[in-house]
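Structure file upload30.txt (compact mmCIF, C-alpha atoms and all ligand atoms) follows.
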```txt
# COMPACT_ATOMS: atom_id res chain seq x y z
CA MET A 1 105.55 79.29 102.25
CA LYS A 2 105.37 83.00 102.91
CA ASN A 3 106.46 84.71 106.10
CA VAL A 4 103.66 87.01 107.16
CA LEU A 5 103.85 89.71 109.80
CA ARG A 6 100.34 90.36 111.11
CA LEU A 7 99.71 93.55 113.07
CA THR A 8 96.48 93.94 115.02
CA SER A 9 95.83 97.46 116.22
CA SER A 10 92.17 97.71 117.23
CA ILE A 11 91.53 98.66 120.86
CA PHE A 12 88.71 96.06 120.89
CA GLU A 13 89.11 92.38 121.49
CA GLU A 14 85.55 91.57 120.39
CA GLY A 15 83.82 93.10 117.40
CA SER A 16 86.83 94.65 115.68
CA VAL A 17 85.99 94.94 111.99
CA SER A 18 89.60 95.48 110.90
CA SER A 19 90.73 92.33 112.77
CA MET A 20 87.84 90.30 111.37
CA LEU A 21 88.52 91.36 107.78
CA MET A 22 92.27 90.87 108.17
CA GLN A 23 91.56 87.29 109.23
CA GLU A 24 89.20 86.85 106.28
CA LEU A 25 91.91 88.07 103.90
CA LEU A 26 94.44 85.55 105.25
CA SER A 27 91.84 82.75 105.19
CA ALA A 28 90.99 83.62 101.58
CA PHE A 29 94.66 83.28 100.62
CA VAL A 30 94.86 79.92 102.42
CA SER A 31 91.72 78.72 100.58
CA ALA A 32 93.43 79.74 97.33
CA GLY A 33 96.37 77.47 98.17
CA GLU A 34 98.83 79.88 99.84
CA SER A 35 100.61 78.77 102.98
CA PHE A 36 101.89 81.10 105.64
CA GLN A 37 104.11 81.22 108.64
CA ILE A 38 102.62 84.02 110.73
CA VAL A 39 104.33 86.26 113.27
CA GLU A 40 101.72 88.19 115.22
CA ARG A 41 101.91 91.53 116.99
CA ASN A 42 98.75 92.38 118.84
CA PHE A 43 99.17 95.92 120.15
CA ARG A 44 96.14 95.67 122.44
CA GLU A 45 97.65 92.69 124.24
CA SER A 46 101.25 93.94 124.11
CA PRO A 47 101.36 97.71 123.61
CA VAL A 48 104.49 99.10 122.01
CA PRO A 49 106.16 101.62 124.35
CA HIS A 50 106.44 105.15 123.04
CA LEU A 51 109.78 106.12 121.64
CA ASP A 52 110.99 108.65 124.21
CA ALA A 53 114.25 110.53 124.75
CA ALA A 54 115.74 107.72 126.85
CA TRP A 55 115.01 105.30 124.04
CA LEU A 56 116.64 107.50 121.41
CA GLN A 57 119.62 108.01 123.69
CA ALA A 58 119.97 104.22 124.00
CA LEU A 59 119.87 103.85 120.21
CA MET A 60 122.53 106.51 119.77
CA THR A 61 124.87 105.13 122.45
CA PRO A 62 127.61 102.85 121.05
CA GLU A 63 126.96 99.21 121.99
CA ALA A 64 130.03 98.96 124.23
CA ASP A 65 128.90 101.94 126.30
CA ARG A 66 125.24 100.96 126.80
CA SER A 67 123.81 100.14 130.22
CA ASP A 68 121.79 96.92 130.53
CA GLU A 69 118.64 99.01 130.50
CA GLN A 70 119.71 100.77 127.31
CA GLN A 71 120.63 97.47 125.68
CA ALA A 72 117.18 96.09 126.52
CA LYS A 73 115.59 99.09 124.79
CA VAL A 74 117.75 98.62 121.69
CA ASP A 75 117.03 94.88 121.63
CA TYR A 76 113.29 95.56 121.75
CA SER A 77 113.38 98.04 118.85
CA ASP A 78 115.68 95.73 116.90
CA SER A 79 113.23 92.86 117.34
CA LEU A 80 110.40 94.95 115.84
CA ILE A 81 112.57 95.84 112.85
CA ALA A 82 113.77 92.23 112.42
CA GLU A 83 110.15 91.06 112.22
CA VAL A 84 109.59 93.43 109.31
CA GLN A 85 112.86 92.51 107.60
CA GLN A 86 112.09 88.79 107.84
CA ALA A 87 108.54 89.10 106.50
CA ASP A 88 107.63 88.67 102.82
CA THR A 89 104.21 90.15 103.49
CA LEU A 90 102.83 92.58 106.07
CA VAL A 91 99.14 92.44 106.88
CA ILE A 92 98.06 95.39 109.01
CA ALA A 93 94.64 95.92 110.56
CA LEU A 94 93.95 99.61 110.37
CA PRO A 95 91.10 101.12 112.37
CA MET A 96 90.51 104.85 111.92
CA TYR A 97 90.58 106.61 115.28
CA ASN A 98 90.16 110.37 115.28
CA PHE A 99 90.82 110.56 111.54
CA SER A 100 94.17 108.84 111.87
CA LEU A 101 95.88 105.63 112.91
CA PRO A 102 95.69 104.03 116.38
CA SER A 103 98.39 105.51 118.61
CA MET A 104 99.69 102.01 119.32
CA LEU A 105 100.39 101.49 115.64
CA LYS A 106 102.05 104.91 115.47
CA ALA A 107 104.32 103.83 118.35
CA TRP A 108 105.35 100.80 116.25
CA VAL A 109 106.05 103.06 113.26
CA ASP A 110 108.32 105.23 115.43
CA HIS A 111 110.40 102.17 116.33
CA ILE A 112 110.70 100.67 112.87
CA ALA A 113 111.53 103.92 111.03
CA ARG A 114 115.21 104.02 111.89
CA ALA A 115 117.83 106.03 109.97
CA GLY A 116 120.54 103.85 108.49
CA VAL A 117 118.48 100.69 108.93
CA THR A 118 115.07 101.10 107.27
CA PHE A 119 115.71 104.42 105.51
CA LYS A 120 118.57 106.77 104.76
CA TYR A 121 118.90 110.37 103.68
CA THR A 122 120.80 111.05 100.47
CA GLU A 123 121.58 114.19 98.47
CA SER A 124 118.45 113.52 96.44
CA GLY A 125 116.22 112.91 99.47
CA PRO A 126 115.20 109.97 101.63
CA VAL A 127 115.57 106.40 100.37
CA GLY A 128 113.74 103.43 101.88
CA LEU A 129 115.91 100.44 102.68
CA LEU A 130 113.23 97.74 103.01
CA GLN A 131 112.47 95.99 99.75
CA ASP A 132 110.37 93.36 98.01
CA LYS A 133 107.53 93.11 100.49
CA LYS A 134 103.82 93.24 99.91
CA VAL A 135 101.76 95.24 102.37
CA TYR A 136 98.02 94.73 102.86
CA LEU A 137 96.30 97.40 104.91
CA VAL A 138 92.83 96.43 106.09
CA ALA A 139 91.13 99.68 107.05
CA ALA A 140 87.88 100.08 109.00
CA MET A 141 86.15 103.42 109.59
CA GLY A 142 82.86 104.70 110.93
CA GLY A 143 82.39 107.34 108.24
CA VAL A 144 83.25 107.73 104.57
CA HIS A 145 86.48 109.55 103.83
CA ASP A 146 87.27 108.73 100.20
CA SER A 147 89.19 111.66 98.69
CA ALA A 148 88.30 113.68 101.81
CA ALA A 149 90.56 116.05 103.72
CA SER A 150 89.61 114.08 106.85
CA ASP A 151 91.49 110.95 105.78
CA PHE A 152 94.81 111.14 107.62
CA LEU A 153 94.91 107.36 107.81
CA ARG A 154 95.40 105.87 104.36
CA PRO A 155 97.59 108.65 102.86
CA TYR A 156 99.79 108.59 105.98
CA MET A 157 100.19 104.81 105.94
CA LYS A 158 101.00 104.88 102.21
CA LEU A 159 103.61 107.59 102.80
CA ILE A 160 105.31 106.00 105.80
CA MET A 161 105.40 102.56 104.16
CA SER A 162 106.97 104.07 101.06
CA PHE A 163 109.41 106.08 103.22
CA VAL A 164 110.90 102.79 104.50
CA GLY A 165 110.87 101.27 101.02
CA LEU A 166 107.56 99.42 101.05
CA THR A 167 105.88 100.65 97.89
CA ASP A 168 103.76 97.62 97.03
CA VAL A 169 100.82 98.59 99.21
CA GLU A 170 97.20 97.53 98.82
CA PHE A 171 94.22 98.78 100.81
CA ILE A 172 91.08 96.89 101.70
CA THR A 173 88.55 99.35 103.14
CA ALA A 174 85.33 98.88 105.08
CA ASP A 175 83.76 102.31 105.55
CA GLY A 176 80.43 103.77 106.69
CA LEU A 177 80.43 101.37 109.64
CA ASN A 178 78.74 103.85 112.00
CA MET A 179 76.20 105.10 109.47
CA GLY A 180 73.38 102.71 110.24
CA PRO A 181 73.02 98.94 109.89
CA GLU A 182 72.44 98.92 106.15
CA ARG A 183 75.41 101.12 105.31
CA ARG A 184 77.54 99.10 107.75
CA GLU A 185 76.67 95.85 105.97
CA GLN A 186 77.40 97.52 102.64
CA GLY A 187 80.81 98.68 103.94
CA ILE A 188 81.74 95.20 105.09
CA GLU A 189 80.46 93.62 101.88
CA GLN A 190 82.48 96.10 99.82
CA ALA A 191 85.62 95.11 101.75
CA ARG A 192 84.84 91.41 101.22
CA GLN A 193 84.57 92.07 97.50
CA GLN A 194 87.96 93.81 97.57
CA ILE A 195 89.40 90.78 99.39
CA ALA A 196 88.01 88.44 96.73
CA ASN A 197 89.44 90.62 93.93
CA THR A 198 92.81 90.84 95.67
CA VAL A 199 93.14 87.10 96.12
CA VAL A 200 92.09 86.42 92.50
CA GLY A 201 94.49 89.14 91.29
CA ASP A 202 97.36 87.62 93.23
CA GLU A 203 96.58 84.13 91.93
CA SER A 204 96.65 85.26 88.30
CA GLN A 205 99.93 87.10 88.88
CA THR A 206 101.41 83.90 90.31
CA ILE A 207 100.25 81.97 87.25
CA HIS A 208 101.83 84.59 84.95
CA ARG A 209 105.07 84.46 86.90
CA LYS A 210 105.07 80.66 86.61
CA ASP A 211 104.39 80.94 82.85
CA ALA A 212 107.30 83.32 82.47
CA ALA A 213 109.71 81.06 84.39
C1 LIG B 1 88.13 106.23 119.70
C2 LIG B 1 87.49 106.13 118.36
C3 LIG B 1 87.67 107.12 117.42
C4 LIG B 1 87.08 107.02 116.17
N1 LIG B 1 87.29 108.00 115.26
C5 LIG B 1 86.75 107.88 114.01
C6 LIG B 1 87.00 108.87 113.03
O1 LIG B 1 87.68 109.86 113.24
N2 LIG B 1 86.43 108.71 111.80
C7 LIG B 1 85.67 107.63 111.48
O2 LIG B 1 85.22 107.53 110.35
N3 LIG B 1 85.44 106.67 112.40
C8 LIG B 1 85.95 106.76 113.65
N4 LIG B 1 85.74 105.79 114.59
C9 LIG B 1 84.97 104.58 114.20
C10 LIG B 1 85.94 103.45 113.86
O3 LIG B 1 86.76 103.79 112.79
C11 LIG B 1 85.16 102.16 113.56
O4 LIG B 1 84.48 101.79 114.73
C12 LIG B 1 86.03 101.02 113.07
O5 LIG B 1 85.22 99.86 113.02
C13 LIG B 1 87.23 100.80 113.96
O6 LIG B 1 87.93 99.62 113.61
P1 LIG B 1 87.86 98.33 114.57
O7 LIG B 1 86.41 97.87 114.52
O8 LIG B 1 88.78 97.33 113.98
O9 LIG B 1 88.28 98.77 115.95
C14 LIG B 1 86.29 105.88 115.86
C15 LIG B 1 86.11 104.88 116.82
C16 LIG B 1 86.70 104.99 118.05
C17 LIG B 1 86.52 103.88 119.05
```
Take the structure from the file and write it as structure tokens.
Amino acid sequence: MKNVLRLTSSIFEEGSVSSMLMQELLSAFVSAGESFQIVERNFRESPVPHLDAAWLQALMTPEADRSDEQQAKVDYSDSLIAEVQQADTLVIALPMYNFSLPSMLKAWVDHIARAGVTFKYTESGPVGLLQDKKVYLVAAMGGVHDSAASDFLRPYMKLIMSFVGLTDVEFITADGLNMGPERREQGIEQARQQIANTVVGDESQTIHRKDAA
């Protein structure tokens, strides 16, 4: 059984394409025989507070000197990091808002990117400290941004995941969603095809690993 951390970041409860496709990806894995224990973070229901100066101060204060309020802040950030550390797989719904990621997801990133815990700086540059996790990013966008200067979403997510050590990243993308009904259907269908390929690809890798064992 895999431990999955599922992050939902659409501002919409109904009609979110990224949430729908994320669920379809997990269901496809279950149909292929995978079993999961899922920890869910839904940022619309429980927004992550912004990392402000008081929060950083709390993190930098030695445990023995922290006020109760500071300790509560540290405990909260620690719990977000622990969820990532304990997961084998991260599945992140990734709507494009204003060419980038939802601010609620960015707030989560600011908590989990912590020096000395999820990354460190060395003489040869930064080193990510999280390891051996698969990350699925299920992106949804109104336009088409492949290879475009307007895509600050997928390159950023790839970079920040790699910065904390998560280099095994795979994107599922539904694009053109606001470009008319036909193009929208095509965008969703294209993502469904990517989901099917991903699940088949993972199955064959599992078989190869079993063969090798
Ligand atoms: C506030 C807002 C900003 C958006 N900005 C962009 C954008 O910059 N580029 C784009 O291609 N689509 C943009 N869209 C369209 C969304 O990416 C699209 O609706 C997608 O389905 C969002 O994912 P969701 O359905 O899971 O919420 C925006 C939508 C909203 C609500």
**Request:** Enumerate as a VMD selection string the residues within 9 Å of ligand LIG 1 (chain B), counting only C-alpha atoms and all ligand atoms.
**Result:** chain A and resid 8 to 21 93 to 100 102 138 to 145 150 to 151 174 to 178
**Request:** Could you check how far atom CA of Val84 of chain A sits from atom CA of Leu5 of chain A, in Å to one decimal?
**Result:**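 According to the coordinates, atom CA of Val84 of chain A and atom CA of Leu5 of chain A are separated by 6.9 Å.
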**Complete:** Judged by only C-alpha atoms, the minimum distance to Phe43 of chain A among A:Tyr156, A:Trp108, A:Phe171, A:Phe119 is found for A:Trp108
**Asked** Could you state the separation of atom CA of Gly128 of chain A and atom CA of Ala149 of chain A in Å, given to one decimal place?
**Response** 26.5 Å
**Asked** So which one's closest to Ile92 of chain A, A:Asp75, A:Glu170, A:Glu123, A:Asp110? Using all atoms listed in the file, please.
**Response**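 Of A:Asp75, A:Glu170, A:Glu123, A:Asp110, the one nearest Ile92 of chain A, counting all atoms listed in the file, is A:Glu170.
Residue nearest Asn3 of chain A, chosen from A:Ser162, A:Thr173, A:Gln85, A:Gln194 and counting only C-alpha atoms: A:Gln85.
Nearest to Val127 of chain A of all the residues A:Ala191, A:Ala28, A:Leu166, A:Ser147 is A:Leu166, based on all atoms listed in the file.
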Would you fill the gaps in segment 130-158 of chain A so it has N, CA and C atoms, then print it as a compact mmCIF listing (two decimals), in the frame of the given file?
```
# COMPACT_ATOMS: atom_id res chain seq x y z
N LEU A 130 113.94 99.03 103.04
CA LEU A 130 113.23 97.74 103.01
C LEU A 130 112.79 97.51 101.57
N GLN A 131 112.80 96.25 101.16
CA GLN A 131 112.47 95.99 99.75
C GLN A 131 111.66 94.71 99.59
N ASP A 132 111.00 94.62 98.45
CA ASP A 132 110.37 93.36 98.01
C ASP A 132 109.41 92.78 99.03
N LYS A 133 108.56 93.62 99.57
CA LYS A 133 107.53 93.11 100.49
C LYS A 133 106.18 93.65 100.05
N LYS A 134 105.20 92.80 100.19
CA LYS A 134 103.82 93.24 99.91
C LYS A 134 103.19 93.68 101.22
N VAL A 135 102.45 94.77 101.17
CA VAL A 135 101.76 95.24 102.37
C VAL A 135 100.26 95.32 102.10
N TYR A 136 99.48 94.61 102.91
CA TYR A 136 98.02 94.73 102.86
C TYR A 136 97.57 95.52 104.07
N LEU A 137 96.81 96.57 103.83
CA LEU A 137 96.30 97.40 104.91
C LEU A 137 94.78 97.27 104.94
N VAL A 138 94.26 96.72 106.01
CA VAL A 138 92.83 96.43 106.09
C VAL A 138 92.18 97.49 106.98
N ALA A 139 91.62 98.50 106.33
CA ALA A 139 91.13 99.68 107.05
C ALA A 139 89.64 99.53 107.40
N ALA A 140 89.29 100.06 108.58
CA ALA A 140 87.88 100.08 109.00
C ALA A 140 87.59 101.47 109.56
N MET A 141 86.46 102.05 109.12
CA MET A 141 86.15 103.42 109.59
C MET A 141 84.64 103.63 109.68
N GLY A 142 84.27 104.45 110.66
CA GLY A 142 82.86 104.70 110.93
C GLY A 142 82.20 105.52 109.85
N GLY A 143 82.94 106.47 109.27
CA GLY A 143 82.39 107.34 108.24
C GLY A 143 82.92 106.98 106.87
N VAL A 144 82.74 107.91 105.93
CA VAL A 144 83.25 107.73 104.57
C VAL A 144 84.23 108.86 104.31
N HIS A 145 85.44 108.52 103.95
CA HIS A 145 86.48 109.55 103.83
C HIS A 145 87.20 109.50 102.48
N ASP A 146 86.60 108.82 101.50
CA ASP A 146 87.27 108.73 100.20
C ASP A 146 87.55 110.12 99.65
N SER A 147 88.77 110.36 99.26
CA SER A 147 89.19 111.66 98.69
C SER A 147 88.89 112.82 99.61
N ALA A 148 88.68 112.59 100.90
CA ALA A 148 88.30 113.68 101.81
C ALA A 148 89.53 114.18 102.58
N ALA A 149 89.47 115.46 102.95
CA ALA A 149 90.56 116.05 103.72
C ALA A 149 90.66 115.40 105.10
N SER A 150 89.62 114.70 105.52
CA SER A 150 89.61 114.08 106.85
C SER A 150 90.34 112.74 106.90
N ASP A 151 90.82 112.26 105.77
CA ASP A 151 91.49 110.95 105.78
C ASP A 151 93.00 111.13 106.01
N PHE A 152 93.39 111.08 107.28
CA PHE A 152 94.81 111.14 107.62
C PHE A 152 95.35 109.74 107.86
N LEU A 153 94.54 108.75 107.53
CA LEU A 153 94.91 107.36 107.81
C LEU A 153 95.60 106.72 106.60
N ARG A 154 94.84 106.59 105.51
CA ARG A 154 95.40 105.87 104.36
C ARG A 154 96.55 106.62 103.70
N PRO A 155 96.43 107.96 103.46
CA PRO A 155 97.59 108.65 102.86
C PRO A 155 98.83 108.57 103.75
N TYR A 156 98.64 108.67 105.07
CA TYR A 156 99.79 108.59 105.98
C TYR A 156 100.45 107.21 105.89
N MET A 157 99.62 106.16 105.95
CA MET A 157 100.19 104.81 105.94
C MET A 157 100.92 104.55 104.61
N LYS A 158 100.35 105.05 103.51
CA LYS A 158 101.00 104.88 102.21
C LYS A 158 102.37 105.59 102.21
```
